[in-house]
Each structure stands twice: as structure tokens, then as C-alpha cells.
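Everything below belongs to query29.cif, which stores mmCIF, C-alpha atoms and all ligand atoms.
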```cif
data_run
#
loop_
_atom_site.label_atom_id
_atom_site.label_comp_id
_atom_site.auth_asym_id
_atom_site.auth_seq_id
_atom_site.Cartn_x
_atom_site.Cartn_y
_atom_site.Cartn_z
CA MET R 1 88.01 79.79 148.92
CA THR R 2 89.17 78.20 145.66
CA SER R 3 87.09 77.52 142.56
CA ILE R 4 87.49 76.77 138.86
CA ARG R 5 85.99 78.91 136.11
CA ARG R 6 86.12 78.82 132.35
CA ALA R 7 88.53 81.58 131.27
CA GLU R 8 87.15 84.60 129.42
CA PRO R 9 89.19 86.61 126.89
CA SER R 10 89.57 89.30 129.58
CA ASP R 11 91.37 86.69 131.74
CA ILE R 12 94.22 86.25 129.25
CA GLU R 13 96.82 88.13 131.32
CA ALA R 14 95.85 86.24 134.49
CA PHE R 15 96.23 82.95 132.59
CA LEU R 16 99.63 83.97 131.19
CA ASP R 17 100.75 85.24 134.62
CA VAL R 18 100.20 81.82 136.21
CA LEU R 19 102.06 80.10 133.36
CA ALA R 20 104.92 82.61 133.68
CA THR R 21 105.12 82.09 137.46
CA ALA R 22 105.30 78.31 137.04
CA THR R 23 107.91 78.69 134.29
CA ALA R 24 110.06 81.03 136.41
CA ARG R 25 110.09 78.37 139.12
CA LEU R 26 111.37 75.82 136.60
CA HIS R 27 113.96 78.16 135.08
CA ALA R 28 115.28 78.95 138.58
CA ARG R 29 115.96 75.20 138.92
CA GLY R 30 117.77 75.13 135.58
CA ILE R 31 114.90 73.39 133.79
CA GLN R 32 114.64 75.06 130.40
CA GLN R 33 111.02 74.21 129.69
CA TRP R 34 108.66 76.76 128.11
CA PRO R 35 109.35 80.39 127.19
CA PRO R 36 109.42 82.92 130.08
CA ARG R 37 105.99 84.15 129.00
CA PHE R 38 103.75 82.63 126.36
CA ALA R 39 102.44 84.93 123.65
CA PRO R 40 98.69 85.62 124.01
CA SER R 41 98.17 83.93 120.64
CA LYS R 42 99.24 80.60 122.20
CA VAL R 43 96.27 80.62 124.56
CA LEU R 44 93.62 83.03 123.27
CA PRO R 45 92.20 80.62 120.65
CA ASP R 46 91.61 78.05 123.41
CA ILE R 47 90.00 80.68 125.63
CA GLU R 48 87.77 81.77 122.76
CA ALA R 49 86.85 78.14 122.11
CA GLY R 50 85.79 77.81 125.76
CA ASP R 51 88.48 75.20 126.47
CA ALA R 52 90.65 77.12 128.96
CA TYR R 53 90.13 77.20 132.72
CA ILE R 54 91.57 79.15 135.63
CA ILE R 55 91.50 78.11 139.26
CA TRP R 56 91.04 81.09 141.54
CA ASP R 57 91.73 81.67 145.22
CA GLY R 58 89.50 84.66 145.76
CA SER R 59 90.74 87.15 143.16
CA ASP R 60 94.12 85.42 142.72
CA ALA R 61 94.60 83.12 139.73
CA ILE R 62 96.45 80.06 141.09
CA ALA R 63 96.32 77.42 138.35
CA THR R 64 95.51 76.94 134.68
CA THR R 65 94.54 74.19 132.32
CA ILE R 66 93.23 73.66 128.82
CA LEU R 67 91.05 70.64 128.09
CA ASN R 68 89.74 69.67 124.68
CA THR R 69 89.70 66.96 122.03
CA ASN R 70 92.45 68.58 119.96
CA GLY R 71 95.27 66.07 120.27
CA ASP R 72 98.50 67.18 118.60
CA ARG R 73 98.69 65.66 115.11
CA ASP R 74 102.49 65.68 115.27
CA PHE R 75 102.34 63.15 118.10
CA TRP R 76 99.14 61.10 118.15
CA THR R 77 98.23 58.75 115.30
CA PRO R 78 94.99 59.19 113.31
CA ASP R 79 93.60 56.08 115.03
CA GLU R 80 94.43 57.50 118.46
CA LEU R 81 92.97 60.88 117.54
CA ALA R 82 89.74 59.21 116.47
CA GLY R 83 89.37 57.57 119.89
CA PRO R 84 87.31 58.85 122.84
CA ALA R 85 90.05 60.94 124.45
CA PHE R 86 90.46 64.46 125.81
CA TYR R 87 93.80 66.24 125.94
CA VAL R 88 95.10 68.42 128.75
CA SER R 89 97.66 71.15 128.12
CA LYS R 90 99.12 74.30 129.73
CA ILE R 91 98.51 72.89 133.19
CA SER R 92 100.34 75.05 135.71
CA THR R 93 100.17 76.14 139.32
CA VAL R 94 101.62 78.93 141.41
CA SER R 95 103.60 77.94 144.53
CA GLY R 96 101.98 77.33 147.88
CA TYR R 97 99.12 75.07 146.83
CA GLY R 98 100.54 71.56 147.21
CA GLY R 99 98.66 68.93 145.24
CA LEU R 100 96.63 71.46 143.31
CA GLY R 101 97.95 69.96 140.07
CA THR R 102 96.57 66.56 141.14
CA ALA R 103 93.18 68.15 141.77
CA VAL R 104 93.22 69.87 138.36
CA LEU R 105 94.18 66.63 136.57
CA ASP R 106 91.39 64.84 138.41
CA TRP R 107 88.94 67.58 137.49
CA CYS R 108 90.03 67.18 133.84
CA GLY R 109 89.47 63.42 134.12
CA ARG R 110 86.04 63.84 135.61
CA GLU R 111 85.12 66.42 132.98
CA THR R 112 86.37 64.08 130.24
CA ALA R 113 84.21 61.23 131.57
CA ARG R 114 81.21 63.54 131.88
CA ARG R 115 81.54 64.44 128.22
CA GLY R 116 81.81 60.81 127.12
CA GLY R 117 85.60 60.58 126.92
CA GLU R 118 87.40 57.48 128.17
CA LEU R 119 91.02 58.60 128.22
CA LEU R 120 92.81 61.67 129.51
CA ARG R 121 95.96 62.32 127.51
CA LEU R 122 98.82 64.79 127.39
CA ASP R 123 102.20 65.32 125.79
CA ALA R 124 105.09 66.39 127.97
CA TRP R 125 108.51 67.93 127.43
CA ARG R 126 110.62 65.14 125.96
CA THR R 127 113.84 65.70 127.90
CA ASN R 128 112.20 66.50 131.25
CA LEU R 129 112.32 63.14 133.01
CA ASP R 130 111.28 64.61 136.38
CA LEU R 131 108.09 65.92 134.82
CA GLN R 132 107.48 62.53 133.24
CA LYS R 133 108.01 60.87 136.64
CA TYR R 134 105.36 63.23 138.01
CA TYR R 135 102.81 62.00 135.46
CA LEU R 136 103.67 58.37 136.24
CA SER R 137 103.08 59.17 139.93
CA GLN R 138 99.67 60.53 138.93
CA GLY R 139 98.65 57.18 137.45
CA PHE R 140 99.42 57.97 133.81
CA ARG R 141 100.89 55.38 131.47
CA HIS R 142 103.80 56.33 129.21
CA VAL R 143 102.46 55.58 125.73
CA ARG R 144 105.66 56.40 123.80
CA THR R 145 108.04 59.27 123.14
CA VAL R 146 107.95 60.85 119.69
CA GLU R 147 111.17 62.59 118.64
CA LEU R 148 110.71 65.42 116.17
CA ALA R 149 113.54 67.87 115.61
CA HIS R 150 111.20 70.87 115.52
CA ARG R 151 109.35 69.93 118.73
CA ASN R 152 110.50 69.84 122.37
CA SER R 153 107.45 67.98 123.55
CA GLY R 154 106.52 64.45 122.55
CA ALA R 155 106.50 62.24 125.67
CA LEU R 156 102.95 60.91 125.46
CA PHE R 157 100.90 59.88 128.49
CA GLU R 158 97.37 58.70 129.11
CA ARG R 159 95.20 57.36 131.91
CA PRO R 160 91.57 56.27 132.16
CA ALA R 161 89.44 59.38 132.56
CA ARG R 162 87.61 57.88 135.52
CA ASP R 163 90.77 57.26 137.58
CA ILE R 164 90.28 60.20 139.90
CA ASN R 165 90.79 61.00 143.54
CA THR R 166 87.84 63.02 144.76
CA GLU R 167 89.67 64.09 147.93
CA ALA R 168 92.17 66.14 145.96
CA MET R 169 89.33 67.92 144.17
CA LEU R 170 87.41 68.44 147.41
CA LYS R 171 90.45 70.06 149.02
CA TYR R 172 90.45 72.74 146.32
CA GLY R 173 86.73 73.14 145.81
CA LEU R 174 86.76 71.46 142.40
CA ALA R 175 84.47 68.55 143.25
CA THR R 176 81.13 70.29 142.72
C1 LIG A 1 102.87 70.06 136.97
C2 LIG A 1 102.15 70.82 138.10
C3 LIG A 1 100.83 71.40 137.59
C4 LIG A 1 101.87 69.77 139.21
O1 LIG A 1 101.31 70.40 140.34
P1 LIG A 1 101.08 69.55 141.72
O2 LIG A 1 100.32 68.32 141.43
O3 LIG A 1 100.50 70.50 142.68
O4 LIG A 1 102.53 69.04 142.12
P2 LIG A 1 103.84 69.86 142.58
O5 LIG A 1 103.86 71.24 142.02
O6 LIG A 1 103.98 69.69 144.05
O7 LIG A 1 104.96 69.00 141.82
C5 LIG A 1 105.12 67.61 142.09
C6 LIG A 1 106.54 67.21 141.75
O8 LIG A 1 106.72 67.31 140.34
C7 LIG A 1 107.84 68.13 140.04
N1 LIG A 1 107.56 68.89 138.83
C8 LIG A 1 106.41 69.48 138.46
N2 LIG A 1 106.54 70.07 137.26
C9 LIG A 1 107.81 69.82 136.88
C10 LIG A 1 108.54 70.16 135.72
N3 LIG A 1 107.99 70.85 134.71
N4 LIG A 1 109.82 69.75 135.64
C11 LIG A 1 110.40 69.01 136.65
N5 LIG A 1 109.75 68.68 137.75
C12 LIG A 1 108.47 69.07 137.86
C13 LIG A 1 107.94 69.05 141.25
O9 LIG A 1 109.24 69.57 141.35
C14 LIG A 1 107.59 68.12 142.37
O10 LIG A 1 108.72 67.33 142.67
P3 LIG A 1 109.01 66.86 144.19
O11 LIG A 1 107.83 66.02 144.59
O12 LIG A 1 110.28 66.11 144.06
O13 LIG A 1 109.10 68.13 144.98
C15 LIG A 1 103.02 71.96 138.68
O14 LIG A 1 104.16 71.42 139.34
C16 LIG A 1 103.51 72.95 137.66
O15 LIG A 1 102.91 73.99 137.45
N6 LIG A 1 104.67 72.64 137.02
C17 LIG A 1 105.26 73.58 136.05
C18 LIG A 1 104.49 73.64 134.77
C19 LIG A 1 104.50 72.31 134.04
O16 LIG A 1 105.54 71.68 133.86
N7 LIG A 1 103.32 71.87 133.57
C20 LIG A 1 103.17 70.61 132.87
C21 LIG A 1 103.36 70.76 131.41
S1 LIG A 1 103.12 69.22 130.54
#
```

Would you give me this structure, written as C-alpha cells?
Ligand SMILES: CC(C)(COP(=O)(O)OP(=O)(O)OC[C@H]1O[C@@H](n2cnc3c(N)ncnc32)[C@H](O)[C@@H]1OP(=O)(O)O)[C@@H](O)C(=O)NCCC(=O)NCCS
Amino acid sequence: MTSIRRAEPSDIEAFLDVLATATARLHARGIQQWPPRFAPSKVLPDIEAGDAYIIWDGSDAIATTILNTNGDRDFWTPDELAGPAFYVSKISTVSGYGGLGTAVLDWCGRETARRGGELLRLDAWRTNLDLQKYYLSQGFRHVRTVELAHRNSGALFERPARDINTEAMLKYGLAT
């Protein structure tokens, strides 16, 4: 039985474990995205702000996401940041739950719409074209790619918050 819960500070290691598992999968394929394990300081502020979520299968953490209105000022313009958008980050899944990422993105979209947002946005690793193809397959539009020497991310995507597929959420118990 799977469900989504807002992460508590005591969930930090579970959150980082899922991210590390997803990263190990990428590194094994030669995709050098993300550090092997994020430092707690990269996630704890979002947990403390109530913006981080974990999807559980019983007592196993199987996916993560952060959802808030804090678009990255390096990438999004002031006009864009002022708009009615929510931003998803640190989305990750463990293996064995096909389509769970779709369900989590849809949950983020529904949550965005519920809170009055119109767009769901994210920034993705700039050189990872397969990841960018994934977001296109999920109905996102490529807004532009921002190249900054000190940042690896910067491929910007958005889609209407209401563009969701309830079946994917139902499959993973995220539709309630
Ligand atoms: C992105 C993610 C949440 C999507 O979950 P999902 O909807 O259940 O989809 P899947 O895991 O089946 O992945 C779908 C496809 O995208 C590809 N993909 C996903 N993340 C990728 C990445 N970071 N780099 C390259 N390809 C990636 C998968 O290899 C798969 O390709 P395939 O269809 O050719 O097999 C999950 O794949 C994940 O945890 N990826 C690693 C972490 C990550 O990159 N997060 C996004 C940061 S912006």
C-alpha cells in the first residue's frame, strides 16, 4: 500500500537514501548527474518549510519530491518568478515502481492547482538530454536552457498544473 506524506525532519535519512539510490542507478549508466549522496543541508530547509514529500510503500521510502514557489533566481526571470507557478525539485524514485515518477509529477500538478498555481515548473540537468526527453514525454514544454558556468542545471520546463493523469496517481494511492 503506497501513500504520500509530508517529510518530517526525522525522515531526512530516508529522503536522502531514495535520492542516493536513484543517483546510483544513473551513475551505473555513466550519467554523472547529482552527487552520490546529497548533504542533509540541501534538503533539510525544505523539510523544515513543509515543502518536502516522501512516497512510502509500507515502511519503505520509494520516492521523493519537493514542491514550492521558490523558483531558482539563477534561471527564471523576475517576471516568471512573479507568476502563478510552483516548482518541483529533487524528484526521485527507487527501482521497481514503473511510472511512479509520472504519478508524483501529477500529484505535484494537482497540488499546485489546488493552491492556486497555474504552472508546474522545473529545471533539469543541462547536458542530460535523456532526462529532458523524459519531461517532454510527460507533457512539459521546454522553455529555454540557461547556461551558467557555475551551474549544471538550467534546462527549464513547464506544463499547465491541471494537465494530470489521475490513473497514474490512483495506481500509487496518490489520488486521494
Ligand atoms: C525521473 C524519475 C522520477 C521518473 O520516474 P518514472 O516516471 O517512474 O519513470 P522511469 O524511472 O521509468 O524513467 C522513464 C525514462 O526516463 C529515463 N530517465 C529518468 N531519469 C533519467 C535521468 N536522470 N537521466 C537519463 N534518463 C533518465 C529512464 O531511463 C527511462 O528511460 P526508458 O523509458 O528509455 O527506460 C526517475 O526516473 C528518477 O528517479 N530518475 C533519477 C533522478 C532524476 O533524474 N530526477 C529528476 C531530476 S530533475

Please provide the set of residues having any atom within 9 Å of Gly101 of chain R, restricted to all atoms listed in the file, with same-chain residues fewer than 6 positions apart removed, written as an MDAnalysis selection string.
-> chainID R and resid 63 91:93

Would you place a box with edges along x, y and z of the file around all atoms of ligand LIG 1 (chain A) listed there, add 8 Å to each of its six sides, and report the centre and edge lengths in Å to one decimal, as AutoDock Vina command-line options?
```
--center_x 105.4 --center_y 70.0 --center_z 137.8 --size_x 26.1 --size_y 24.0 --size_z 30.4
```

At most 7 Å from ligand LIG 1 (chain A) (only C-alpha atoms and all ligand atoms): residue list as a tab-separated table (two decimals) with C-alpha atoms, in the frame of the given file:
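Printed below is part_33.tsv as written:
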```
chain	number	residue	atom	x	y	z
R	22	ALA	CA	105.30	78.31	137.04
R	23	THR	CA	107.91	78.69	134.29
R	26	LEU	CA	111.37	75.82	136.60
R	31	ILE	CA	114.90	73.39	133.79
R	33	GLN	CA	111.02	74.21	129.69
R	89	SER	CA	97.66	71.15	128.12
R	90	LYS	CA	99.12	74.30	129.73
R	91	ILE	CA	98.51	72.89	133.19
R	92	SER	CA	100.34	75.05	135.71
R	93	THR	CA	100.17	76.14	139.32
R	94	VAL	CA	101.62	78.93	141.41
R	97	TYR	CA	99.12	75.07	146.83
R	98	GLY	CA	100.54	71.56	147.21
R	99	GLY	CA	98.66	68.93	145.24
R	100	LEU	CA	96.63	71.46	143.31
R	101	GLY	CA	97.95	69.96	140.07
R	102	THR	CA	96.57	66.56	141.14
R	122	LEU	CA	98.82	64.79	127.39
R	123	ASP	CA	102.20	65.32	125.79
R	124	ALA	CA	105.09	66.39	127.97
R	125	TRP	CA	108.51	67.93	127.43
R	128	ASN	CA	112.20	66.50	131.25
R	130	ASP	CA	111.28	64.61	136.38
R	131	LEU	CA	108.09	65.92	134.82
R	134	TYR	CA	105.36	63.23	138.01
```

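When atom CA of Ala85 of chain R is paired with atom CA of Leu120 of chain R, their separation reads 5.8 Å.
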
Two-atom distance - atom CA of Glu80 of chain R, atom CA of Arg115 of chain R (Å) = 17.6 Å

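Here atom CA of Pro9 of chain R stands at a distance of 13.7 Å from atom CA of Ile66 of chain R.
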
Which residues come within 12 Å of Val43 of chain R, counting all atoms listed in the file, excluding same-chain residues fewer than 3 positions away, as a PyMOL selection string?
-> chain R and resi 7-9+11-17+19+37-40+46-53+64-67+89-91

In terms of only C-alpha atoms, the residue from R:Thr77, R:Gln138, R:Ser95, R:Ser10 at minimal distance from Glu158 of chain R is R:Gln138

Which residues are near Met169 of chain R? Cut-off 12 Å, all atoms listed in the file, ignore same chain within fewer than 2 positions. Put them as an mmCIF file with C-alpha atoms, in the coordinates of the input.
```cif
data_model
loop_
_atom_site.group_PDB
_atom_site.id
_atom_site.type_symbol
_atom_site.label_atom_id
_atom_site.label_comp_id
_atom_site.auth_asym_id
_atom_site.auth_seq_id
_atom_site.Cartn_x
_atom_site.Cartn_y
_atom_site.Cartn_z
ATOM 1 C CA THR R 2 89.170 78.200 145.660
ATOM 2 C CA SER R 3 87.090 77.520 142.560
ATOM 3 C CA ILE R 4 87.490 76.770 138.860
ATOM 4 C CA ILE R 55 91.500 78.110 139.260
ATOM 5 C CA GLY R 99 98.660 68.930 145.240
ATOM 6 C CA LEU R 100 96.630 71.460 143.310
ATOM 7 C CA GLY R 101 97.950 69.960 140.070
ATOM 8 C CA THR R 102 96.570 66.560 141.140
ATOM 9 C CA ALA R 103 93.180 68.150 141.770
ATOM 10 C CA VAL R 104 93.220 69.870 138.360
ATOM 11 C CA LEU R 105 94.180 66.630 136.570
ATOM 12 C CA ASP R 106 91.390 64.840 138.410
ATOM 13 C CA TRP R 107 88.940 67.580 137.490
ATOM 14 C CA CYS R 108 90.030 67.180 133.840
ATOM 15 C CA GLY R 109 89.470 63.420 134.120
ATOM 16 C CA ARG R 110 86.040 63.840 135.610
ATOM 17 C CA ILE R 164 90.280 60.200 139.900
ATOM 18 C CA ASN R 165 90.790 61.000 143.540
ATOM 19 C CA THR R 166 87.840 63.020 144.760
ATOM 20 C CA GLU R 167 89.670 64.090 147.930
ATOM 21 C CA LYS R 171 90.450 70.060 149.020
ATOM 22 C CA TYR R 172 90.450 72.740 146.320
ATOM 23 C CA GLY R 173 86.730 73.140 145.810
ATOM 24 C CA LEU R 174 86.760 71.460 142.400
ATOM 25 C CA ALA R 175 84.470 68.550 143.250
ATOM 26 C CA THR R 176 81.130 70.290 142.720
#
```
